[in-house]
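Shown here: query01.cif, mmCIF, C-alpha atoms and all ligand atoms.
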data_structure
loop_
_atom_site.label_atom_id
_atom_site.label_comp_id
_atom_site.auth_asym_id
_atom_site.auth_seq_id
_atom_site.Cartn_x
_atom_site.Cartn_y
_atom_site.Cartn_z
CA MET M 165 0.00 0.00 0.00
CA SER M 166 1.24 3.48 -0.72
CA GLN M 167 0.12 6.84 0.51
CA ALA M 168 1.39 9.11 -2.24
CA ARG M 169 0.71 12.83 -2.50
CA ALA M 170 -2.20 12.01 -4.82
CA GLY M 171 -3.87 9.84 -2.18
CA TRP M 172 -3.78 6.22 -1.13
CA SER M 173 -3.49 3.52 -3.78
CA PRO M 174 -2.64 -0.17 -3.53
CA ASP M 175 0.89 -1.35 -4.28
CA SER M 176 -0.45 -4.43 -6.05
CA PRO M 177 -3.37 -4.70 -8.49
CA VAL M 178 -6.91 -5.21 -7.18
CA GLU M 179 -7.69 -8.92 -7.25
CA TYR M 180 -10.82 -11.01 -7.23
CA PRO M 181 -11.29 -13.70 -4.56
CA PRO M 182 -9.28 -16.87 -5.33
CA VAL M 183 -12.43 -18.78 -6.26
CA PHE M 184 -12.90 -18.40 -10.01
CA VAL M 185 -9.32 -19.29 -10.87
CA TRP M 186 -7.59 -22.03 -12.80
CA PRO M 187 -5.88 -24.12 -11.55
CA PRO M 188 -8.07 -24.21 -8.43
CA ARG M 189 -6.65 -22.88 -5.19
CA PRO M 190 -8.80 -24.61 -2.55
CA ALA M 191 -6.70 -23.58 0.47
CA ALA M 192 -6.66 -19.91 -0.61
CA ALA M 193 -10.40 -20.07 -1.37
CA ALA M 194 -11.11 -21.52 2.09
CA ARG M 195 -8.98 -18.81 3.72
CA TRP M 196 -10.86 -16.13 1.78
CA PHE M 197 -14.23 -17.67 2.70
CA ALA M 198 -13.69 -18.04 6.44
CA GLY M 199 -10.65 -15.87 7.20
CA TYR M 200 -10.35 -12.29 8.34
CA PRO M 201 -10.77 -10.22 6.30
CA GLY M 202 -12.73 -12.37 3.89
CA TYR M 203 -16.13 -13.20 2.51
CA LEU M 204 -17.82 -13.50 5.87
CA TRP M 205 -15.71 -11.33 8.15
CA PRO M 206 -16.18 -8.60 9.02
CA PHE M 207 -18.95 -6.95 7.01
CA ASN M 208 -21.26 -9.81 6.02
CA ILE M 209 -21.26 -11.12 9.58
CA VAL M 210 -22.19 -7.64 10.83
CA TYR M 211 -25.03 -7.39 8.28
CA VAL M 212 -26.34 -10.85 9.25
CA LEU M 213 -26.26 -10.04 12.95
CA VAL M 214 -28.03 -6.71 12.42
CA ALA M 215 -30.67 -8.42 10.25
CA ILE M 216 -31.30 -11.15 12.84
CA GLY M 217 -31.39 -8.63 15.69
CA VAL M 218 -33.84 -6.38 13.86
CA TRP M 219 -36.06 -9.32 12.89
CA CYS M 220 -36.10 -10.69 16.43
CA TRP M 221 -36.44 -7.50 18.44
CA ALA M 222 -37.41 -4.59 16.24
CA THR M 223 -40.02 -5.93 13.81
CA PRO M 224 -43.79 -6.03 14.45
CA SER M 225 -45.45 -9.40 15.09
CA VAL M 226 -46.39 -11.61 12.16
CA SER M 227 -50.10 -11.33 12.96
CA THR M 228 -49.80 -7.53 12.97
CA MET M 229 -48.00 -7.52 9.61
CA SER M 230 -50.50 -9.87 7.98
CA THR M 231 -52.83 -6.94 7.28
CA TRP M 232 -51.92 -3.45 6.14
CA ALA M 233 -52.00 -0.72 8.78
CA VAL M 234 -50.33 2.66 9.08
CA GLY M 235 -49.06 1.85 12.59
CA TRP M 236 -46.70 -1.02 11.83
CA VAL M 237 -45.54 0.40 8.51
CA GLY M 238 -44.78 3.70 10.25
CA PHE M 239 -42.88 1.84 12.96
CA VAL M 240 -40.67 0.10 10.35
CA LEU M 241 -40.06 3.43 8.61
CA VAL M 242 -38.94 5.12 11.84
CA ARG M 243 -36.82 2.11 12.86
CA ASN M 244 -35.13 2.14 9.45
CA ALA M 245 -34.56 5.90 9.62
CA VAL M 246 -32.79 5.50 12.96
CA LEU M 247 -30.61 2.62 11.74
CA MET M 248 -29.70 4.23 8.42
CA THR M 249 -28.80 7.52 10.08
CA ALA M 250 -26.75 5.76 12.78
CA TRP M 251 -24.82 3.58 10.31
CA TYR M 252 -23.98 6.25 7.72
CA GLY M 253 -23.61 8.93 10.36
CA ALA M 254 -21.02 6.87 12.24
CA PHE M 255 -18.76 6.59 9.16
CA HIS M 256 -19.23 10.24 8.25
CA LEU M 257 -18.69 11.50 11.77
CA ARG M 258 -15.48 9.54 12.29
CA LEU M 259 -13.89 10.04 8.87
CA TYR M 260 -15.15 13.41 7.65
CA ILE M 261 -16.22 15.49 10.63
CA ARG M 262 -13.80 14.43 13.34
CA LYS M 263 -11.26 13.35 10.68
CA SER M 264 -10.04 10.82 13.23
CA GLN M 265 -7.38 9.37 10.94
CA GLU M 266 -6.80 12.55 8.92
CA GLN M 267 -5.98 11.42 5.34
CA ARG M 268 -4.37 8.10 6.13
CA PHE M 269 -5.69 5.48 3.65
CA LYS M 270 -7.84 8.12 1.88
CA TYR M 271 -8.03 7.51 -1.88
CA ASN M 272 -8.46 11.15 -2.84
CA VAL M 273 -6.13 13.60 -1.18
CA LYS M 274 -8.75 16.36 -1.25
CA TRP M 275 -11.69 16.64 1.11
CA PRO M 276 -15.10 17.30 -0.46
CA ALA M 277 -15.55 21.08 -0.47
CA ALA M 278 -17.72 22.49 2.30
CA ARG M 279 -19.41 24.63 -0.36
CA ASN M 280 -19.96 23.34 -3.89
CA ASP M 281 -22.85 24.72 -5.91
CA ARG M 282 -22.75 21.78 -8.28
CA PHE M 283 -24.68 19.92 -5.56
CA THR M 284 -28.22 20.55 -4.34
CA LEU M 285 -28.26 22.70 -1.21
CA GLY M 286 -24.71 23.74 -1.92
CA SER M 287 -22.71 20.78 -0.65
CA GLN M 288 -22.05 17.15 -1.45
CA ALA M 289 -22.76 16.01 2.10
CA ARG M 290 -26.12 17.79 2.27
CA GLU M 291 -27.22 16.50 -1.13
CA ASN M 292 -26.14 12.97 -0.24
CA VAL M 293 -28.07 12.99 3.06
CA VAL M 294 -31.21 14.40 1.43
CA TRP M 295 -31.34 11.82 -1.37
CA SER M 296 -30.56 8.99 1.07
CA LEU M 297 -33.22 9.94 3.61
CA ALA M 298 -35.90 11.50 1.39
CA SER M 299 -35.80 8.86 -1.36
CA GLY M 300 -33.62 5.91 -0.33
CA LEU M 301 -35.20 5.44 3.09
CA PRO M 302 -38.89 5.30 2.02
CA ILE M 303 -38.17 3.18 -1.07
CA TRP M 304 -36.01 0.72 0.90
CA THR M 305 -38.73 0.56 3.57
CA ALA M 306 -41.46 0.05 0.96
CA TRP M 307 -39.68 -2.97 -0.53
CA GLU M 308 -39.13 -4.35 2.98
CA VAL M 309 -42.70 -3.93 4.28
CA VAL M 310 -44.22 -5.42 1.12
CA THR M 311 -41.93 -8.44 1.55
CA LEU M 312 -42.78 -8.77 5.25
CA TRP M 313 -46.50 -8.52 4.45
CA LEU M 314 -46.19 -11.21 1.76
CA PHE M 315 -44.54 -13.52 4.30
CA ALA M 316 -46.93 -12.66 7.14
CA SER M 317 -50.07 -13.09 5.05
CA GLY M 318 -48.93 -16.45 3.67
CA ARG M 319 -48.68 -15.25 0.08
CA ILE M 320 -45.10 -16.44 -0.39
CA ARG M 321 -43.33 -19.56 0.79
CA TRP M 322 -41.85 -19.42 4.32
CA ILE M 323 -39.28 -22.11 5.11
CA HIS M 324 -38.01 -22.97 8.57
CA PHE M 325 -34.48 -23.88 9.65
CA SER M 326 -35.73 -27.02 11.37
CA ASP M 327 -37.28 -28.33 8.12
CA HIS M 328 -34.61 -27.28 5.65
CA PRO M 329 -31.37 -26.63 7.59
CA ILE M 330 -28.98 -27.08 4.65
CA TRP M 331 -30.98 -24.93 2.22
CA PHE M 332 -31.45 -22.34 4.97
CA ILE M 333 -27.67 -21.98 5.45
CA VAL M 334 -26.78 -22.24 1.74
CA LEU M 335 -29.24 -19.49 0.87
CA MET M 336 -27.84 -17.29 3.62
CA LEU M 337 -24.32 -17.78 2.27
CA LEU M 338 -25.37 -17.07 -1.32
CA ILE M 339 -27.12 -13.77 -0.63
CA PRO M 340 -23.97 -11.58 -0.95
CA VAL M 341 -23.12 -13.35 -4.25
CA TYR M 342 -26.64 -12.78 -5.53
CA ARG M 343 -26.42 -9.15 -4.42
CA ASP M 344 -23.28 -8.69 -6.51
CA LEU M 345 -24.96 -10.18 -9.59
CA HIS M 346 -28.13 -8.09 -9.16
CA PHE M 347 -26.09 -4.94 -8.58
CA TYR M 348 -24.02 -5.60 -11.70
CA LEU M 349 -27.10 -6.10 -13.90
CA VAL M 350 -28.90 -3.01 -12.59
CA HIS M 351 -25.71 -0.99 -12.80
CA ARG M 352 -25.03 -1.96 -16.42
CA LEU M 353 -28.63 -1.07 -17.27
CA ILE M 354 -28.43 2.43 -15.81
CA HIS M 355 -25.15 3.11 -17.61
CA TRP M 356 -27.09 2.89 -20.89
CA PRO M 357 -26.67 6.54 -22.00
CA PRO M 358 -30.35 7.62 -21.85
CA LEU M 359 -30.74 6.14 -18.36
CA TYR M 360 -27.34 7.38 -17.28
CA LYS M 361 -28.17 10.91 -18.25
CA THR M 362 -31.56 11.02 -16.55
CA ILE M 363 -31.00 8.72 -13.57
CA HIS M 364 -27.54 7.47 -12.69
CA SER M 365 -25.61 10.70 -13.31
CA LEU M 366 -26.96 11.89 -9.96
CA HIS M 367 -24.96 9.19 -8.15
CA HIS M 368 -21.91 9.95 -10.30
CA ARG M 369 -21.78 13.56 -9.24
CA ASN M 370 -19.78 12.06 -6.38
CA THR M 371 -16.36 11.79 -7.95
CA ASN M 372 -14.80 12.07 -4.50
CA PRO M 373 -17.35 9.96 -2.62
CA GLY M 374 -18.02 9.83 1.08
CA PRO M 375 -20.17 7.33 3.04
CA TRP M 376 -23.46 9.14 2.40
CA SER M 377 -22.73 9.10 -1.35
CA GLY M 378 -23.47 5.36 -1.26
CA LEU M 379 -27.25 5.79 -1.28
CA SER M 380 -27.35 9.18 -2.97
CA MET M 381 -29.36 7.99 -5.95
CA HIS M 382 -32.25 9.04 -8.17
CA PRO M 383 -35.56 7.50 -6.96
CA VAL M 384 -35.70 5.25 -10.04
CA GLU M 385 -32.25 3.93 -9.20
CA HIS M 386 -33.42 3.34 -5.62
CA MET M 387 -36.39 1.36 -6.98
CA LEU M 388 -34.10 -0.80 -9.10
CA TYR M 389 -31.34 -1.15 -6.50
CA PHE M 390 -33.62 -2.24 -3.64
CA SER M 391 -35.61 -4.57 -5.93
CA ALA M 392 -33.01 -7.23 -5.09
CA ILE M 393 -35.20 -8.22 -2.13
CA ALA M 394 -37.91 -9.46 -4.54
CA ILE M 395 -35.88 -12.65 -5.05
CA HIS M 396 -37.50 -13.83 -1.81
CA TRP M 397 -40.93 -13.54 -3.42
CA ILE M 398 -39.87 -16.37 -5.71
CA VAL M 399 -37.18 -18.41 -3.97
CA PRO M 400 -38.38 -20.31 -0.85
CA SER M 401 -36.92 -18.35 2.05
CA ASN M 402 -37.33 -17.32 5.65
CA PRO M 403 -37.92 -13.68 6.61
CA VAL M 404 -34.41 -13.73 8.10
CA HIS M 405 -33.03 -14.23 4.58
CA ALA M 406 -35.08 -11.30 3.31
CA MET M 407 -33.93 -9.15 6.22
CA PHE M 408 -30.31 -10.05 5.46
CA THR M 409 -30.80 -8.99 1.83
CA SER M 410 -32.58 -5.84 2.98
CA PHE M 411 -29.88 -4.78 5.42
CA HIS M 412 -27.07 -5.80 3.07
CA LEU M 413 -28.62 -3.43 0.53
CA MET M 414 -28.90 -0.61 3.03
CA MET M 415 -25.58 -1.00 4.86
CA SER M 416 -22.98 -2.11 2.31
CA PRO M 417 -22.78 1.18 0.33
CA ALA M 418 -21.38 3.00 3.40
CA PRO M 419 -18.01 1.23 3.59
CA GLY M 420 -18.01 0.90 -0.21
CA HIS M 421 -18.13 4.70 -0.61
CA ALA M 422 -16.26 5.71 2.53
CA GLY M 423 -13.35 6.96 0.43
CA PHE M 424 -10.84 5.20 2.68
CA GLU M 425 -9.31 1.76 2.17
CA HIS M 426 -8.73 1.14 5.85
CA ILE M 427 -10.59 2.42 8.89
CA GLU M 428 -8.41 2.71 11.96
CA VAL M 429 -10.85 1.32 14.49
CA GLY M 430 -10.25 -1.34 17.12
CA PRO M 431 -7.23 -3.63 17.10
CA GLY M 432 -5.92 -3.83 13.54
CA GLY M 433 -8.63 -1.74 11.92
CA ILE M 434 -11.03 -2.74 9.13
CA ASP M 435 -10.44 -2.82 5.37
CA THR M 436 -13.34 -1.46 3.31
CA HIS M 437 -12.17 -2.91 -0.06
CA GLY M 438 -13.71 0.15 -1.67
CA TYR M 439 -10.89 0.87 -4.13
CA SER M 440 -12.48 -0.99 -7.04
CA HIS M 441 -15.71 1.04 -6.73
CA TYR M 442 -13.70 4.21 -6.17
CA LEU M 443 -12.18 3.58 -9.61
CA HIS M 444 -15.72 3.26 -10.98
CA HIS M 445 -16.55 6.72 -9.62
CA LYS M 446 -13.29 8.03 -11.05
CA TYR M 447 -13.48 6.48 -14.53
CA PHE M 448 -17.27 5.78 -14.91
CA GLU M 449 -17.00 2.81 -17.27
CA VAL M 450 -15.02 0.25 -15.26
CA ASN M 451 -15.79 -2.05 -12.34
CA TYR M 452 -19.59 -2.20 -12.49
CA ALA M 453 -19.75 -5.14 -10.05
CA ASP M 454 -18.79 -5.02 -6.42
CA GLY M 455 -15.88 -7.43 -6.22
CA VAL M 456 -17.28 -10.88 -5.41
CA LEU M 457 -18.00 -12.22 -8.90
CA PRO M 458 -15.39 -11.47 -11.61
CA LEU M 459 -18.09 -10.16 -13.95
CA ASP M 460 -16.06 -7.17 -15.05
CA LYS M 461 -13.15 -9.42 -15.92
CA TRP M 462 -15.39 -11.74 -17.92
CA PHE M 463 -17.06 -8.88 -19.80
CA GLY M 464 -14.01 -6.69 -20.34
CA SER M 465 -14.62 -3.75 -18.01
CA PHE M 466 -12.20 -4.57 -15.20
CA HIS M 467 -9.70 -2.00 -13.95
CA ASP M 468 -7.31 -3.35 -11.33
CA GLY M 469 -5.81 0.03 -10.44
CA SER M 470 -2.47 -0.69 -12.13
CA PRO M 471 -0.85 1.23 -15.03
CA GLN M 472 -1.66 -1.83 -17.18
CA GLY M 473 -5.34 -1.55 -16.16
CA ASP M 474 -5.22 2.12 -17.09
CA ALA M 475 -3.70 1.34 -20.48
CA ALA M 476 -6.33 -1.35 -21.15
CA MET M 477 -9.13 1.09 -20.31
CA LYS M 478 -7.68 3.73 -22.64
CA ALA M 479 -7.31 1.14 -25.42
CA ARG M 480 -10.98 0.18 -25.02
CA ARG M 481 -12.02 3.83 -25.26
CA LEU M 482 -9.86 4.34 -28.33
CA LYS M 483 -11.28 1.26 -30.01
CA ARG M 484 -14.83 2.40 -29.34
CA SER M 485 -14.27 5.93 -30.52
CA SER M 486 -12.60 4.74 -33.72
CA SER M 487 -15.34 2.22 -34.48
CA SER M 488 -18.23 4.59 -33.85
CA PRO M 489 -18.72 8.33 -34.08
CA VAL M 490 -20.83 8.09 -30.91
CA GLN M 491 -19.25 6.65 -27.77
CA SER M 492 -22.32 4.61 -27.08
CA ASP M 493 -21.00 2.81 -24.02
CA GLN M 494 -19.40 5.79 -22.43
CA ALA M 495 -20.94 7.93 -19.76
CA PRO M 496 -22.20 11.16 -21.22
CA ARG M 497 -19.93 13.98 -20.13
CA THR M 498 -22.53 16.45 -19.01
CA ALA M 499 -22.44 19.10 -16.35
CA SER M 500 -23.97 16.59 -14.00
CA SER M 501 -21.32 13.97 -14.75
CA PRO M 502 -18.02 15.80 -14.72
CA VAL M 503 -15.04 13.95 -16.13
CA ILE M 504 -12.85 13.55 -13.08
CA ASP M 505 -12.67 16.36 -10.64
CA ALA M 506 -10.37 14.42 -8.34
CA GLY M 507 -12.36 15.94 -5.56
CA ALA M 508 -13.26 19.50 -5.90
CA SER M 509 -13.15 19.28 -2.72
CA SER M 510 -41.61 -24.19 6.40
CA GLY M 511 -43.76 -23.45 3.57
CA GLY M 512 -46.41 -20.89 3.13
CA GLY M 513 -48.86 -23.21 4.80
CA ALA M 514 -47.38 -22.77 8.29
CA SER M 515 -49.84 -21.24 10.72
CA PRO M 516 -49.35 -17.61 11.82
CA GLN M 517 -49.11 -18.86 15.42
CA GLY M 518 -46.23 -21.18 14.49
CA ARG M 519 -44.51 -18.43 12.60
CA GLU M 520 -44.62 -16.06 15.58
CA GLN M 521 -41.89 -18.23 17.18
CA ARG M 522 -39.32 -16.34 15.19
CA CYS M 523 -36.21 -16.40 17.40
ZN ZN M 601 -21.15 4.29 -6.20
ZN ZN M 602 -22.10 3.82 -12.16
#
Just give me the structure as C-alpha cells.
Amino acid sequence: MSQARAGWSPDSPVEYPPVFVWPPRPAAAARWFAGYPGYLWPFNIVYVLVAIGVWCWATPSVSTMSTWAVGWVGFVLVRNAVLMTAWYGAFHLRLYIRKSQEQRFKYNVKWPAARNDRFTLGSQARENVVWSLASGLPIWTAWEVVTLWLFASGRIRWIHFSDHPIWFIVLMLLIPVYRDLHFYLVHRLIHWPPLYKTIHSLHHRNTNPGPWSGLSMHPVEHMLYFSAIAIHWIVPSNPVHAMFTSFHLMMSPAPGHAGFEHIEVGPGGIDTHGYSHYLHHKYFEVNYADGVLPLDKWFGSFHDGSPQGDAAMKARRLKRSSSSPVQSDQAPRTASSPVIDAGASSGGGASPQGREQRC
C-alpha cells in the first residue's frame, strides 16, 4: 500500500477472490471464505447479525403484519430511519467530521468542499443525506414492508431452519453473491446513455465519494437497486433471509463509498475494499460489479488500479471511438457527470401462530 501525494493507492493490483481461478486454489479459497478479512468477516457477519437482531427485536409481530395498517408500517419506517442515520452517520462523523485518521488510507487527497454549488443545497454532504433519507429510506422501507406482508399473510413460501437446515444456510451464504450479480445487472442497465443521463448521473456527481454518497441515488435507481429483495418472493426463504438482503442493501454502500481503504478502528482496523468502486466513480465505465464475482473481468470492463489496467481502459475507449462516431457505451460527459474532478473538494402453509416463534 502506498500513501502518495495524490492519495492512497494499492501497491499491487486489485484482485478477485481466489475462487474463479484455474488451476483451483482450494486452500486460498477456504482462507478467503472463512478468514479475516474475507467473505464472511467482518462486514457480512455484521449485516447478518443486524438483520437477525432487527427481525427478532425490532419488527412487528407476524399477525400484525398480515394486514396493512399505518401503525406497523410507520414503525418500520422510523426504525429504518434511525438505523440508516446511525450507520452512515457513524462513518461520516469519524472520517469526515472528526477526521479521526486525517488522510491516512484516503483515496483522494482532497476533502469534499464544504461549499460546492454543483450539488443541491450547496454541498455534497447535504445532497447525499437528502437523497438517502428523502428517497432511499422510504423506497427501501417500501420494498421491505411489502416483503414482510407477503410472508406474514402467507402469500409467499416461508421455510423454517428445522425443516430445511442445509438450504437455509446455503441461501444465507449465497445472498452476498446474488447481491453482486443483481447490482451488476442493474448498474449496467443504468449506464445505458439515456438512463445514465436522466437517472444514474446523480450518483456519479460524487467523484470524491463519502459514506453518504453510497445511497445518494435518483428514486428510479433506488427502486431498481432495492428490488433485489424481490428474489425472496420467488425463492423459498425465511424472513431472516429477506432481512439479510434488505440490510445488506442498506448498509454495504457506506463502507463501499467511505473513500478510505482502511478504517483505523479497534485492534488492527477494518479494510473497506472500496478501491475498485472508487475507480468506478473516477473512470465511470469500469468495475460495475462489487468485487465478489469477476463479472467485469469476464465482460471486459475490469480496472485493477495498475498502469496496465489504465492502459487497457484507454485502449478500449480508443477502439470504441474509432469504431463509432458516438461513444455509445461511455458515460455522457454532461455538467452533472463531470469527467474527473479528483475531488473538488416451512412453507407458506405454516400457521401464523407457528410463525410467531421467530427467534
Ligand atoms: Zn457508487
Ligand atoms: Zn455507475
Given only C-alpha atoms as the basis, pick out the residue of M:Val185, M:Ala475, M:Thr409, M:Ser299 nearest to Glu385 in chain M.
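So, comparing all the options, the nearest one is M:Ser299.
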task = Please check which protein, DNA or RNA residues sit within 12 Å of ligand ZN 602 (chain M), counting only C-alpha atoms and all ligand atoms, and write them as an MDAnalysis selection string.
result = chainID M and resid 347:357 359:361 363:371 378 380:381 385 389 440:454 493:496 501
TODO: Name the closest residue to ligand ZN 601 (chain M) among the candidates M:Gln472, M:Ser416, M:Asn208, M:Ser326; distances are taken between atoms, counting only C-alpha atoms and all ligand atoms.
DONE: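 Using only C-alpha atoms and all ligand atoms, the shortest distance to ligand ZN 601 (chain M) belongs to M:Ser416.
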Separating CA of Gly171 in chain M from CA of Asn272 in chain M, to the nearest tenth of an Å, is a gap of 4.8 Å
Go through M:Ala193, M:Val293, M:Val210, M:Val309 one by one, measure the shortest atom-to-atom distance of each to Thr223 in chain M using all atoms listed in the file, and give the residue with the smallest value.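 Comparing M:Ala193, M:Val293, M:Val210, M:Val309 against Thr223 in chain M, the winner is M:Val309.
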* If we count only C-alpha atoms, what is near Leu335 in chain M at a cut-off of 8 Å, once residues fewer than 3 positions away on the same chain are taken out, given as a list in words? ->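 So the residues in contact are Trp331, Phe332, Leu338, Ile339, Ser401 and His405 of chain M.
Interatomic distance, CA of Lys478 in chain M against CA of Asp460 in chain M: 15.7 Å.
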query: List as a list in words: which residues have an atom within 10 Å of (-45.1, -6.1, 12.9), counting only C-alpha atoms?
result: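 Counting only C-alpha atoms, I find these residues within 10 Å of (-45.1, -6.1, 12.9): Trp219, Ala222, Thr223, Pro224, Ser225, Val226, Ser227, Thr228, Met229, Ser230, Thr231, Trp232, Ala233, Gly235, Trp236, Val237, Phe239, Val240, Val309, Leu312, Trp313 and Ala316 of chain M.
In this model, the gap between CA of Ala394 in chain M and CA of Ser317 in chain M comes to 15.9 Å.
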Counting all atoms listed in the file, find the residues whose atoms lie at most 10 Å from (-34.6, -15.9, 10.4) (file coordinates) and write them out as a ChimeraX atom specification.
/M:212,215-217,219-220,323-325,332,336,401-408,522-523
Exercise. Rank M:Gly430, M:Pro373, M:Ser296, M:Asp474 by their smallest atom-to-atom distance to Ala277 in chain M, using all atoms listed in the file, and report the top residue only.
Key: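 Among M:Gly430, M:Pro373, M:Ser296, M:Asp474, it is M:Pro373 that comes nearest to Ala277 in chain M.
Of the listed residues M:Trp376, M:Trp462, M:Trp196, M:Phe411, the one whose atoms come nearest to ligand ZN 601 (chain M) is M:Trp376, with distances taken using all atoms listed in the file.
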Of M:Thr362, M:Ser287, M:Ser410, M:Thr311, the one sitting nearest Pro340 in chain M when using only C-alpha atoms is M:Ser410
Might you pull out every residue within 12 Å of Ala194 in chain M, with all atoms listed in the file counted and same-chain residues fewer than 5 positions away left off, and present them as a list of chain:residue names?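 Contacts, in chain order: M:Pro181, M:Pro182, M:Val183, M:Pro188, M:Arg189, M:Gly199, M:Tyr200, M:Gly202, M:Tyr203, M:Leu204.
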File contents for range 238-258 of chain M with N, CA and C atoms as a PDB file, in the first residue's frame:
ATOM      1  N   GLY M 238     -45.439   2.511   9.714  1.00  0.00           N
ATOM      2  CA  GLY M 238     -44.775   3.695  10.247  1.00  0.00           C
ATOM      3  C   GLY M 238     -43.670   3.331  11.214  1.00  0.00           C
ATOM      4  N   PHE M 239     -43.914   2.293  12.013  1.00  0.00           N
ATOM      5  CA  PHE M 239     -42.878   1.840  12.956  1.00  0.00           C
ATOM      6  C   PHE M 239     -41.625   1.378  12.197  1.00  0.00           C
ATOM      7  N   VAL M 240     -41.822   0.591  11.132  1.00  0.00           N
ATOM      8  CA  VAL M 240     -40.672   0.096  10.355  1.00  0.00           C
ATOM      9  C   VAL M 240     -39.940   1.267   9.709  1.00  0.00           C
ATOM     10  N   LEU M 241     -40.702   2.266   9.232  1.00  0.00           N
ATOM     11  CA  LEU M 241     -40.065   3.435   8.608  1.00  0.00           C
ATOM     12  C   LEU M 241     -39.185   4.185   9.614  1.00  0.00           C
ATOM     13  N   VAL M 242     -39.709   4.391  10.820  1.00  0.00           N
ATOM     14  CA  VAL M 242     -38.937   5.119  11.842  1.00  0.00           C
ATOM     15  C   VAL M 242     -37.733   4.291  12.275  1.00  0.00           C
ATOM     16  N   ARG M 243     -37.944   2.997  12.485  1.00  0.00           N
ATOM     17  CA  ARG M 243     -36.821   2.115  12.861  1.00  0.00           C
ATOM     18  C   ARG M 243     -35.726   2.155  11.798  1.00  0.00           C
ATOM     19  N   ASN M 244     -36.125   2.091  10.536  1.00  0.00           N
ATOM     20  CA  ASN M 244     -35.134   2.140   9.453  1.00  0.00           C
ATOM     21  C   ASN M 244     -34.432   3.491   9.381  1.00  0.00           C
ATOM     22  N   ALA M 245     -35.180   4.563   9.639  1.00  0.00           N
ATOM     23  CA  ALA M 245     -34.563   5.895   9.623  1.00  0.00           C
ATOM     24  C   ALA M 245     -33.475   5.992  10.683  1.00  0.00           C
ATOM     25  N   VAL M 246     -33.767   5.453  11.868  1.00  0.00           N
ATOM     26  CA  VAL M 246     -32.789   5.501  12.960  1.00  0.00           C
ATOM     27  C   VAL M 246     -31.547   4.689  12.581  1.00  0.00           C
ATOM     28  N   LEU M 247     -31.755   3.487  12.048  1.00  0.00           N
ATOM     29  CA  LEU M 247     -30.615   2.618  11.739  1.00  0.00           C
ATOM     30  C   LEU M 247     -29.781   3.166  10.580  1.00  0.00           C
ATOM     31  N   MET M 248     -30.455   3.677   9.550  1.00  0.00           N
ATOM     32  CA  MET M 248     -29.703   4.235   8.420  1.00  0.00           C
ATOM     33  C   MET M 248     -28.887   5.443   8.867  1.00  0.00           C
ATOM     34  N   THR M 249     -29.504   6.316   9.625  1.00  0.00           N
ATOM     35  CA  THR M 249     -28.796   7.517  10.084  1.00  0.00           C
ATOM     36  C   THR M 249     -27.626   7.142  10.990  1.00  0.00           C
ATOM     37  N   ALA M 250     -27.826   6.170  11.862  1.00  0.00           N
ATOM     38  CA  ALA M 250     -26.754   5.762  12.783  1.00  0.00           C
ATOM     39  C   ALA M 250     -25.583   5.149  12.017  1.00  0.00           C
ATOM     40  N   TRP M 251     -25.878   4.289  11.040  1.00  0.00           N
ATOM     41  CA  TRP M 251     -24.819   3.578  10.310  1.00  0.00           C
ATOM     42  C   TRP M 251     -24.002   4.547   9.440  1.00  0.00           C
ATOM     43  N   TYR M 252     -24.681   5.322   8.619  1.00  0.00           N
ATOM     44  CA  TYR M 252     -23.978   6.247   7.725  1.00  0.00           C
ATOM     45  C   TYR M 252     -23.368   7.407   8.521  1.00  0.00           C
ATOM     46  N   GLY M 253     -24.116   7.840   9.544  1.00  0.00           N
ATOM     47  CA  GLY M 253     -23.611   8.927  10.362  1.00  0.00           C
ATOM     48  C   GLY M 253     -22.334   8.548  11.096  1.00  0.00           C
ATOM     49  N   ALA M 254     -22.219   7.298  11.511  1.00  0.00           N
ATOM     50  CA  ALA M 254     -21.017   6.865  12.242  1.00  0.00           C
ATOM     51  C   ALA M 254     -19.785   6.959  11.350  1.00  0.00           C
ATOM     52  N   PHE M 255     -19.896   6.496  10.098  1.00  0.00           N
ATOM     53  CA  PHE M 255     -18.764   6.587   9.164  1.00  0.00           C
ATOM     54  C   PHE M 255     -18.418   8.059   8.895  1.00  0.00           C
ATOM     55  N   HIS M 256     -19.467   8.835   8.624  1.00  0.00           N
ATOM     56  CA  HIS M 256     -19.233  10.239   8.245  1.00  0.00           C
ATOM     57  C   HIS M 256     -18.628  11.033   9.406  1.00  0.00           C
ATOM     58  N   LEU M 257     -19.176  10.779  10.580  1.00  0.00           N
ATOM     59  CA  LEU M 257     -18.689  11.504  11.766  1.00  0.00           C
ATOM     60  C   LEU M 257     -17.216  11.201  12.006  1.00  0.00           C
ATOM     61  N   ARG M 258     -16.861   9.925  11.964  1.00  0.00           N
ATOM     62  CA  ARG M 258     -15.482   9.540  12.289  1.00  0.00           C
ATOM     63  C   ARG M 258     -14.486  10.019  11.229  1.00  0.00           C
TER      64      ARG M 258
END
